[in-house]
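Student: Here you go, one structure.
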Amino acid sequence: MNTQTASDSRAIALPDAVSTHALGRRLGARIGPGDVICLSGNLGAGKTTLARGAIEAWMGHPEEAPSPTYTLVQTYDGERGELWHVDLYRLKQSDDAWELGLEDAFMSAACLIEWPERLAGQLPRDRLDVELKPEGEGRTASLTAYGTWRAKLGSI
(Lines give C-alpha, C1' and ligand atoms only; values in the text may rest on other atoms or scores of the structure.)
Protein backbone atom coordinates (compact mmCIF):
# COMPACT_ATOMS: atom_id res chain seq x y z
CA MET A 1 0.00 0.00 0.00
CA ASN A 2 1.47 3.29 -1.09
CA THR A 3 1.35 6.21 1.33
CA GLN A 4 3.06 8.71 -0.99
CA THR A 5 0.32 10.69 -2.74
CA ALA A 6 -0.68 14.32 -3.04
CA SER A 7 -2.50 15.70 -0.02
CA ASP A 8 -4.59 18.62 1.20
CA SER A 9 -4.54 19.81 4.81
CA ARG A 10 -6.47 21.96 7.22
CA ALA A 11 -6.48 22.60 10.96
CA ILE A 12 -9.52 22.81 13.24
CA ALA A 13 -9.47 24.23 16.76
CA LEU A 14 -11.29 21.99 19.24
CA PRO A 15 -11.64 23.88 22.54
CA ASP A 16 -13.11 20.94 24.51
CA ALA A 17 -14.21 17.30 24.44
CA VAL A 18 -17.67 18.29 23.15
CA SER A 19 -16.16 19.88 20.03
CA THR A 20 -13.88 16.85 19.54
CA HIS A 21 -16.92 14.55 19.69
CA ALA A 22 -18.75 16.87 17.25
CA LEU A 23 -15.88 16.66 14.74
CA GLY A 24 -16.11 12.88 15.05
CA ARG A 25 -19.84 13.07 14.29
CA ARG A 26 -19.15 15.17 11.17
CA LEU A 27 -16.59 12.62 10.00
CA GLY A 28 -18.84 9.67 10.81
CA ALA A 29 -21.68 11.20 8.79
CA ARG A 30 -19.44 11.36 5.69
CA ILE A 31 -17.70 7.98 5.73
CA GLY A 32 -18.69 4.83 3.95
CA PRO A 33 -17.38 1.33 3.27
CA GLY A 34 -13.75 1.47 2.15
CA ASP A 35 -13.03 4.78 3.92
CA VAL A 36 -10.10 4.90 6.34
CA ILE A 37 -9.53 7.56 8.98
CA CYS A 38 -6.23 7.43 10.89
CA LEU A 39 -6.25 9.04 14.34
CA SER A 40 -2.90 9.98 15.86
CA GLY A 41 -1.77 11.91 18.90
CA ASN A 42 -0.35 11.27 22.35
CA LEU A 43 -2.18 9.33 25.04
CA GLY A 44 -5.18 11.41 26.16
CA ALA A 45 -5.16 13.54 22.99
CA GLY A 46 -8.84 12.79 22.24
CA LYS A 47 -8.59 10.01 19.65
CA THR A 48 -11.19 7.81 21.31
CA THR A 49 -13.52 10.79 21.95
CA LEU A 50 -13.39 11.63 18.24
CA ALA A 51 -13.93 7.97 17.31
CA ARG A 52 -16.97 7.76 19.61
CA GLY A 53 -18.54 10.71 17.78
CA ALA A 54 -17.92 9.01 14.43
CA ILE A 55 -19.40 5.75 15.71
CA GLU A 56 -22.49 7.57 16.96
CA ALA A 57 -23.03 9.16 13.54
CA TRP A 58 -22.39 5.81 11.80
CA MET A 59 -24.94 4.03 13.96
CA GLY A 60 -27.48 6.88 13.82
CA HIS A 61 -27.85 6.98 17.61
CA PRO A 62 -25.69 7.16 20.75
CA GLU A 63 -23.79 3.90 21.09
CA GLU A 64 -21.69 2.57 23.93
CA ALA A 65 -18.27 2.49 22.30
CA PRO A 66 -15.56 1.09 24.55
CA SER A 67 -11.97 1.80 23.65
CA PRO A 68 -10.49 -1.18 21.78
CA THR A 69 -7.14 -0.78 23.55
CA TYR A 70 -7.16 -4.36 24.85
CA THR A 71 -9.35 -6.06 22.24
CA LEU A 72 -7.61 -4.19 19.37
CA VAL A 73 -10.85 -4.12 17.31
CA GLN A 74 -14.48 -3.21 17.99
CA THR A 75 -16.93 -3.53 15.10
CA TYR A 76 -20.28 -1.80 14.61
CA ASP A 77 -22.97 -2.78 12.12
CA GLY A 78 -24.82 0.29 10.88
CA GLU A 79 -27.18 0.93 7.99
CA ARG A 80 -24.20 1.76 5.73
CA GLY A 81 -22.39 -1.47 6.63
CA GLU A 82 -19.64 -2.37 9.05
CA LEU A 83 -17.37 0.09 10.84
CA TRP A 84 -14.13 -1.05 12.47
CA HIS A 85 -12.66 0.91 15.39
CA VAL A 86 -9.06 -0.28 15.70
CA ASP A 87 -6.53 0.62 18.39
CA LEU A 88 -3.02 -0.51 17.48
CA TYR A 89 -1.30 0.84 20.62
CA ARG A 90 -0.58 -2.67 21.96
CA LEU A 91 0.41 -4.14 18.60
CA LYS A 92 3.80 -5.85 18.87
CA GLN A 93 4.65 -5.91 15.14
CA SER A 94 3.03 -4.21 12.18
CA ASP A 95 2.42 -7.58 10.47
CA ASP A 96 0.18 -8.61 13.38
CA ALA A 97 -2.47 -6.15 12.12
CA TRP A 98 -3.05 -8.26 9.04
CA GLU A 99 -3.91 -11.27 11.22
CA LEU A 100 -6.86 -9.21 12.49
CA GLY A 101 -8.27 -9.03 8.95
CA LEU A 102 -7.47 -5.33 8.60
CA GLU A 103 -6.58 -5.55 4.92
CA ASP A 104 -10.06 -6.93 4.11
CA ALA A 105 -11.64 -4.28 6.34
CA PHE A 106 -9.87 -1.57 4.32
CA MET A 107 -11.83 -2.72 1.27
CA SER A 108 -15.26 -3.52 2.72
CA ALA A 109 -15.73 -1.59 5.97
CA ALA A 110 -15.23 1.95 7.19
CA CYS A 111 -12.17 2.04 9.48
CA LEU A 112 -11.13 4.32 12.33
CA ILE A 113 -7.54 3.51 13.27
CA GLU A 114 -5.89 4.78 16.44
CA TRP A 115 -2.09 4.64 16.52
CA PRO A 116 -1.78 4.14 12.71
CA GLU A 117 1.98 4.68 12.87
CA ARG A 118 2.18 1.09 14.20
CA LEU A 119 1.45 -0.09 10.65
CA ALA A 120 4.92 1.06 9.60
CA GLY A 121 3.94 2.74 6.34
CA GLN A 122 1.42 0.10 5.23
CA LEU A 123 -1.61 2.37 5.26
CA PRO A 124 -4.00 2.69 2.31
CA ARG A 125 -3.24 5.38 -0.24
CA ASP A 126 -6.76 6.85 0.11
CA ARG A 127 -7.24 7.99 3.69
CA LEU A 128 -7.77 10.89 6.05
CA ASP A 129 -5.11 11.45 8.71
CA VAL A 130 -6.29 13.30 11.82
CA GLU A 131 -3.55 14.37 14.22
CA LEU A 132 -4.72 15.68 17.59
CA LYS A 133 -2.40 17.98 19.56
CA PRO A 134 -3.06 19.70 22.90
CA GLU A 135 -3.58 23.43 22.67
CA GLY A 136 -4.48 25.38 25.79
CA GLU A 137 -7.47 23.71 27.47
CA GLY A 138 -8.42 21.95 24.22
CA ARG A 139 -6.68 20.61 21.17
CA THR A 140 -6.11 21.19 17.48
CA ALA A 141 -7.02 18.63 14.85
CA SER A 142 -4.78 18.67 11.78
CA LEU A 143 -6.56 16.91 8.93
CA THR A 144 -4.54 15.68 5.96
CA ALA A 145 -6.43 14.12 3.07
CA TYR A 146 -4.88 11.68 0.60
CA GLY A 147 -6.30 10.38 -2.64
CA THR A 148 -10.11 10.39 -2.80
CA TRP A 149 -10.30 12.08 0.61
CA ARG A 150 -9.00 15.31 -0.96
CA ALA A 151 -12.42 15.93 -2.53
CA LYS A 152 -14.23 15.19 0.77
CA LEU A 153 -12.08 17.41 2.99
CA GLY A 154 -13.86 20.63 2.04
CA SER A 155 -17.20 19.31 3.35
CA ILE A 156 -15.86 18.59 6.83
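We name chains A, B, ... following the order of the C-alpha coordinates; residues begin at 1 in each chain, and ligands are numbered from 1 as shown.
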Could I get the residues of stretch 105-154 of chain A with an atom no further than 7 Å from an atom of stretch 41-64 of chain A, each paired with its nearest atom pair and that distance in Å to one decimal, using only C-alpha atoms, sorted by chain and residue number, as a tab-separated table?

Tutor:
residue	atom	partner	partner_atom	distance
A:Leu112	CA	A:Ala51	CA	6.8
A:Glu114	CA	A:Lys47	CA	6.7
A:Glu131	CA	A:Gly41	CA	5.6
A:Leu132	CA	A:Gly41	CA	5.0
A:Lys133	CA	A:Gly41	CA	6.1
A:Pro134	CA	A:Ala45	CA	6.5

Student: Tell me which protein, DNA and RNA residues are within 10 Å of stretch 82-94 of chain A, counting only C-alpha atoms, leaving out same-chain ones fewer than 5 positions away, and put them as a PyMOL selection string.

Tutor: chain A and resi 28+31-39+43+47-48+51-52+54-55+58-59+65-77+99-100+102+105-106+108-122

Student: Could the residues in this selection be saved with N, CA and C atoms as a short mmCIF file (atom, residue, chain, number, x, y, z; two decimals), in the first residue's frame?

Tutor:
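Resulting contents of again_25.cif:
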data_model
loop_
_atom_site.label_atom_id
_atom_site.label_comp_id
_atom_site.auth_asym_id
_atom_site.auth_seq_id
_atom_site.Cartn_x
_atom_site.Cartn_y
_atom_site.Cartn_z
N GLY A 28 -18.04 10.89 10.87
CA GLY A 28 -18.84 9.67 10.81
C GLY A 28 -20.02 9.79 9.86
N ILE A 31 -18.48 9.16 6.12
CA ILE A 31 -17.70 7.98 5.73
C ILE A 31 -18.60 6.87 5.22
N GLY A 32 -17.99 5.99 4.47
CA GLY A 32 -18.69 4.83 3.95
C GLY A 32 -17.75 3.65 3.86
N PRO A 33 -18.24 2.51 3.42
CA PRO A 33 -17.38 1.33 3.27
C PRO A 33 -16.16 1.66 2.41
N GLY A 34 -15.00 1.22 2.86
CA GLY A 34 -13.75 1.47 2.15
C GLY A 34 -13.03 2.73 2.60
N ASP A 35 -13.68 3.56 3.42
CA ASP A 35 -13.03 4.78 3.92
C ASP A 35 -12.19 4.46 5.15
N VAL A 36 -11.01 5.09 5.22
CA VAL A 36 -10.10 4.90 6.34
C VAL A 36 -9.75 6.26 6.93
N ILE A 37 -9.92 6.37 8.25
CA ILE A 37 -9.53 7.56 8.98
C ILE A 37 -8.51 7.13 10.02
N CYS A 38 -7.32 7.74 9.97
CA CYS A 38 -6.23 7.43 10.89
C CYS A 38 -6.16 8.52 11.95
N LEU A 39 -6.24 8.11 13.22
CA LEU A 39 -6.25 9.04 14.34
C LEU A 39 -4.94 8.93 15.11
N LEU A 43 -1.17 9.86 24.13
CA LEU A 43 -2.18 9.33 25.04
C LEU A 43 -3.00 10.50 25.60
N LYS A 47 -8.33 10.92 20.77
CA LYS A 47 -8.59 10.01 19.65
C LYS A 47 -9.87 9.20 19.86
N THR A 48 -10.02 8.64 21.04
CA THR A 48 -11.19 7.81 21.31
C THR A 48 -12.45 8.66 21.39
N ALA A 51 -13.40 9.22 17.87
CA ALA A 51 -13.93 7.97 17.31
C ALA A 51 -15.34 7.70 17.80
N ARG A 52 -15.62 7.99 19.07
CA ARG A 52 -16.97 7.76 19.61
C ARG A 52 -18.01 8.63 18.89
N ALA A 54 -17.76 9.62 15.76
CA ALA A 54 -17.92 9.01 14.43
C ALA A 54 -18.79 7.77 14.50
N ILE A 55 -18.60 6.97 15.54
CA ILE A 55 -19.40 5.75 15.71
C ILE A 55 -20.87 6.11 15.93
N TRP A 58 -22.29 7.01 12.63
CA TRP A 58 -22.39 5.81 11.80
C TRP A 58 -23.62 4.99 12.18
N MET A 59 -23.83 4.85 13.47
CA MET A 59 -24.94 4.03 13.96
C MET A 59 -26.28 4.77 13.90
N ALA A 65 -19.43 2.81 23.14
CA ALA A 65 -18.27 2.49 22.30
C ALA A 65 -17.03 2.41 23.17
N PRO A 66 -16.76 1.23 23.72
CA PRO A 66 -15.56 1.09 24.55
C PRO A 66 -14.29 1.24 23.71
N SER A 67 -13.25 1.71 24.34
CA SER A 67 -11.97 1.80 23.65
C SER A 67 -11.47 0.39 23.34
N PRO A 68 -11.00 0.15 22.13
CA PRO A 68 -10.49 -1.18 21.78
C PRO A 68 -9.01 -1.38 22.15
N THR A 69 -8.55 -0.68 23.18
CA THR A 69 -7.14 -0.78 23.55
C THR A 69 -6.71 -2.22 23.81
N TYR A 70 -7.54 -2.98 24.50
CA TYR A 70 -7.16 -4.36 24.85
C TYR A 70 -7.67 -5.39 23.84
N THR A 71 -8.81 -5.12 23.22
CA THR A 71 -9.35 -6.06 22.24
C THR A 71 -8.78 -5.81 20.84
N LEU A 72 -8.19 -4.68 20.63
CA LEU A 72 -7.61 -4.19 19.37
C LEU A 72 -8.67 -3.76 18.36
N VAL A 73 -9.82 -4.46 18.29
CA VAL A 73 -10.85 -4.12 17.31
C VAL A 73 -12.23 -4.19 17.96
N GLN A 74 -13.04 -3.18 17.69
CA GLN A 74 -14.48 -3.21 17.99
C GLN A 74 -15.17 -2.97 16.65
N THR A 75 -16.20 -3.74 16.35
CA THR A 75 -16.93 -3.53 15.10
C THR A 75 -18.35 -3.10 15.40
N TYR A 76 -18.92 -2.33 14.48
CA TYR A 76 -20.28 -1.80 14.61
C TYR A 76 -20.99 -2.00 13.28
N ASP A 77 -22.17 -2.57 13.33
CA ASP A 77 -22.97 -2.78 12.12
C ASP A 77 -24.03 -1.70 12.05
N GLU A 99 -3.26 -10.09 10.64
CA GLU A 99 -3.91 -11.27 11.22
C GLU A 99 -5.30 -10.93 11.76
N LEU A 100 -5.55 -9.66 12.03
CA LEU A 100 -6.86 -9.21 12.49
C LEU A 100 -7.88 -9.13 11.35
N LEU A 102 -7.42 -6.77 8.90
CA LEU A 102 -7.47 -5.33 8.60
C LEU A 102 -7.43 -5.03 7.11
N ALA A 105 -10.81 -5.37 5.82
CA ALA A 105 -11.64 -4.28 6.34
C ALA A 105 -11.40 -2.99 5.55
N PHE A 106 -10.16 -2.76 5.11
CA PHE A 106 -9.87 -1.57 4.32
C PHE A 106 -10.71 -1.52 3.05
N SER A 108 -13.82 -3.32 2.58
CA SER A 108 -15.26 -3.52 2.72
C SER A 108 -15.92 -2.78 3.86
N ALA A 109 -15.16 -2.26 4.80
CA ALA A 109 -15.73 -1.59 5.97
C ALA A 109 -15.17 -0.17 6.05
N ALA A 110 -15.81 0.66 6.82
CA ALA A 110 -15.23 1.95 7.19
C ALA A 110 -14.30 1.66 8.36
N CYS A 111 -13.15 2.33 8.43
CA CYS A 111 -12.17 2.04 9.48
C CYS A 111 -11.70 3.32 10.16
N LEU A 112 -11.73 3.29 11.49
CA LEU A 112 -11.13 4.32 12.33
C LEU A 112 -9.94 3.66 13.01
N ILE A 113 -8.73 4.17 12.77
CA ILE A 113 -7.54 3.51 13.27
C ILE A 113 -6.78 4.45 14.21
N GLU A 114 -6.72 4.06 15.49
CA GLU A 114 -5.89 4.78 16.44
C GLU A 114 -4.49 4.18 16.42
N TRP A 115 -3.49 5.03 16.56
CA TRP A 115 -2.09 4.64 16.52
C TRP A 115 -1.72 4.03 15.16
N PRO A 116 -2.07 4.69 14.04
CA PRO A 116 -1.78 4.14 12.71
C PRO A 116 -0.29 4.02 12.40
N GLU A 117 0.53 4.77 13.11
CA GLU A 117 1.98 4.68 12.87
C GLU A 117 2.52 3.28 13.17
N ARG A 118 1.77 2.48 13.91
CA ARG A 118 2.18 1.09 14.20
C ARG A 118 2.13 0.21 12.95
N LEU A 119 1.50 0.69 11.89
CA LEU A 119 1.45 -0.09 10.65
C LEU A 119 2.69 0.11 9.78
N ALA A 120 3.61 0.90 10.26
CA ALA A 120 4.92 1.06 9.60
C ALA A 120 4.81 1.33 8.11
N GLY A 121 4.02 2.34 7.73
CA GLY A 121 3.94 2.74 6.34
C GLY A 121 3.09 1.85 5.45
N GLN A 122 2.25 1.00 6.02
CA GLN A 122 1.42 0.10 5.23
C GLN A 122 -0.03 0.55 5.21
#

Student: Among stretch 3-133 of chain A, which ones does DSSP place in helix (DSSP H, G or I), written as a PyMOL selection string?

Tutor: chain A and resi 17-30+47-59+96-99+102-108+116-119

Student: Keeping N, CA and C atoms, export the residues of the selection given above as a short mmCIF file (atom, residue, chain, number, x, y, z; two decimals), in the first residue's frame.

Tutor:
data_model
loop_
_atom_site.label_atom_id
_atom_site.label_comp_id
_atom_site.auth_asym_id
_atom_site.auth_seq_id
_atom_site.Cartn_x
_atom_site.Cartn_y
_atom_site.Cartn_z
N ALA A 17 -13.84 18.65 24.85
CA ALA A 17 -14.21 17.30 24.44
C ALA A 17 -15.50 17.29 23.61
N VAL A 18 -16.41 18.22 23.90
CA VAL A 18 -17.67 18.29 23.15
C VAL A 18 -17.40 18.60 21.68
N SER A 19 -16.49 19.53 21.42
CA SER A 19 -16.16 19.88 20.03
C SER A 19 -15.39 18.75 19.34
N THR A 20 -14.59 18.01 20.10
CA THR A 20 -13.88 16.85 19.54
C THR A 20 -14.88 15.77 19.13
N HIS A 21 -15.86 15.51 19.99
CA HIS A 21 -16.92 14.55 19.69
C HIS A 21 -17.71 15.02 18.46
N ALA A 22 -17.99 16.32 18.38
CA ALA A 22 -18.75 16.87 17.25
C ALA A 22 -17.99 16.71 15.94
N LEU A 23 -16.67 16.90 15.95
CA LEU A 23 -15.88 16.66 14.74
C LEU A 23 -15.99 15.18 14.35
N GLY A 24 -15.93 14.30 15.32
CA GLY A 24 -16.11 12.88 15.05
C GLY A 24 -17.45 12.60 14.40
N ARG A 25 -18.51 13.25 14.88
CA ARG A 25 -19.84 13.07 14.29
C ARG A 25 -19.85 13.54 12.83
N ARG A 26 -19.21 14.67 12.56
CA ARG A 26 -19.15 15.17 11.17
C ARG A 26 -18.42 14.16 10.27
N LEU A 27 -17.33 13.62 10.78
CA LEU A 27 -16.59 12.62 10.00
C LEU A 27 -17.42 11.36 9.80
N GLY A 28 -18.04 10.89 10.87
CA GLY A 28 -18.84 9.67 10.81
C GLY A 28 -20.02 9.79 9.86
N ALA A 29 -20.55 10.98 9.70
CA ALA A 29 -21.68 11.20 8.79
C ALA A 29 -21.24 11.14 7.33
N ARG A 30 -19.93 11.29 7.07
CA ARG A 30 -19.44 11.36 5.69
C ARG A 30 -18.66 10.13 5.24
N LYS A 47 -8.33 10.92 20.77
CA LYS A 47 -8.59 10.01 19.65
C LYS A 47 -9.87 9.20 19.86
N THR A 48 -10.02 8.64 21.04
CA THR A 48 -11.19 7.81 21.31
C THR A 48 -12.45 8.66 21.39
N THR A 49 -12.36 9.87 21.91
CA THR A 49 -13.52 10.79 21.95
C THR A 49 -13.99 11.08 20.53
N LEU A 50 -13.04 11.37 19.64
CA LEU A 50 -13.39 11.63 18.24
C LEU A 50 -14.00 10.38 17.61
N ALA A 51 -13.40 9.22 17.87
CA ALA A 51 -13.93 7.97 17.31
C ALA A 51 -15.34 7.70 17.80
N ARG A 52 -15.62 7.99 19.07
CA ARG A 52 -16.97 7.76 19.61
C ARG A 52 -18.01 8.63 18.89
N GLY A 53 -17.63 9.86 18.55
CA GLY A 53 -18.54 10.71 17.78
C GLY A 53 -18.81 10.13 16.40
N ALA A 54 -17.76 9.62 15.76
CA ALA A 54 -17.92 9.01 14.43
C ALA A 54 -18.79 7.77 14.50
N ILE A 55 -18.60 6.97 15.54
CA ILE A 55 -19.40 5.75 15.71
C ILE A 55 -20.87 6.11 15.93
N GLU A 56 -21.12 7.13 16.73
CA GLU A 56 -22.49 7.57 16.96
C GLU A 56 -23.17 7.98 15.66
N ALA A 57 -22.46 8.74 14.83
CA ALA A 57 -23.03 9.16 13.54
C ALA A 57 -23.22 7.95 12.63
N TRP A 58 -22.29 7.01 12.63
CA TRP A 58 -22.39 5.81 11.80
C TRP A 58 -23.62 4.99 12.18
N MET A 59 -23.83 4.85 13.47
CA MET A 59 -24.94 4.03 13.96
C MET A 59 -26.28 4.77 13.90
N ASP A 96 1.26 -8.05 12.57
CA ASP A 96 0.18 -8.61 13.38
C ASP A 96 -1.18 -8.01 13.02
N ALA A 97 -1.21 -6.80 12.49
CA ALA A 97 -2.47 -6.15 12.12
C ALA A 97 -3.19 -6.92 11.03
N TRP A 98 -2.44 -7.55 10.15
CA TRP A 98 -3.05 -8.26 9.04
C TRP A 98 -3.74 -9.53 9.52
N GLU A 99 -3.26 -10.09 10.64
CA GLU A 99 -3.91 -11.27 11.22
C GLU A 99 -5.30 -10.93 11.76
N LEU A 102 -7.42 -6.77 8.90
CA LEU A 102 -7.47 -5.33 8.60
C LEU A 102 -7.43 -5.03 7.11
N GLU A 103 -6.67 -5.80 6.36
CA GLU A 103 -6.58 -5.55 4.92
C GLU A 103 -7.94 -5.72 4.24
N ASP A 104 -8.69 -6.74 4.63
CA ASP A 104 -10.06 -6.93 4.11
C ASP A 104 -10.98 -5.81 4.57
N ALA A 105 -10.81 -5.37 5.82
CA ALA A 105 -11.64 -4.28 6.34
C ALA A 105 -11.40 -2.99 5.55
N PHE A 106 -10.16 -2.76 5.11
CA PHE A 106 -9.87 -1.57 4.32
C PHE A 106 -10.71 -1.52 3.05
N MET A 107 -11.08 -2.67 2.52
CA MET A 107 -11.83 -2.72 1.27
C MET A 107 -13.35 -2.71 1.49
N SER A 108 -13.82 -3.32 2.58
CA SER A 108 -15.26 -3.52 2.72
C SER A 108 -15.92 -2.78 3.86
N PRO A 116 -2.07 4.69 14.04
CA PRO A 116 -1.78 4.14 12.71
C PRO A 116 -0.29 4.02 12.40
N GLU A 117 0.53 4.77 13.11
CA GLU A 117 1.98 4.68 12.87
C GLU A 117 2.52 3.28 13.17
N ARG A 118 1.77 2.48 13.91
CA ARG A 118 2.18 1.09 14.20
C ARG A 118 2.13 0.21 12.95
N LEU A 119 1.50 0.69 11.89
CA LEU A 119 1.45 -0.09 10.65
C LEU A 119 2.69 0.11 9.78
#

Student: Measure the distance from atom CA of A:Ser7 to atom CA of A:Glu137 in Å and round it to one decimal.

Tutor: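 Pair atom CA of A:Ser7 / atom CA of A:Glu137 returns 29.1 Å.
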
Student: Between atom CA of A:Lys152 and atom CA of A:Gly136, what is the spacing in Å?

Tutor: 28.7 Å

Student: Just to confirm, what's the straight-line distance from atom CA of A:Ala145 to atom CA of A:Asp129 in Å (one decimal)?

Tutor: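 Separation of atom CA of A:Ala145 and atom CA of A:Asp129: 6.4 Å.
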
Student: So that I can check the surroundings of A:Arg10, please list as a count of residues only every protein, DNA and RNA residue that reaches within 7 Å of it, counting only C-alpha atoms and ignoring chain neighbours fewer than 5 positions away.

Tutor: 3
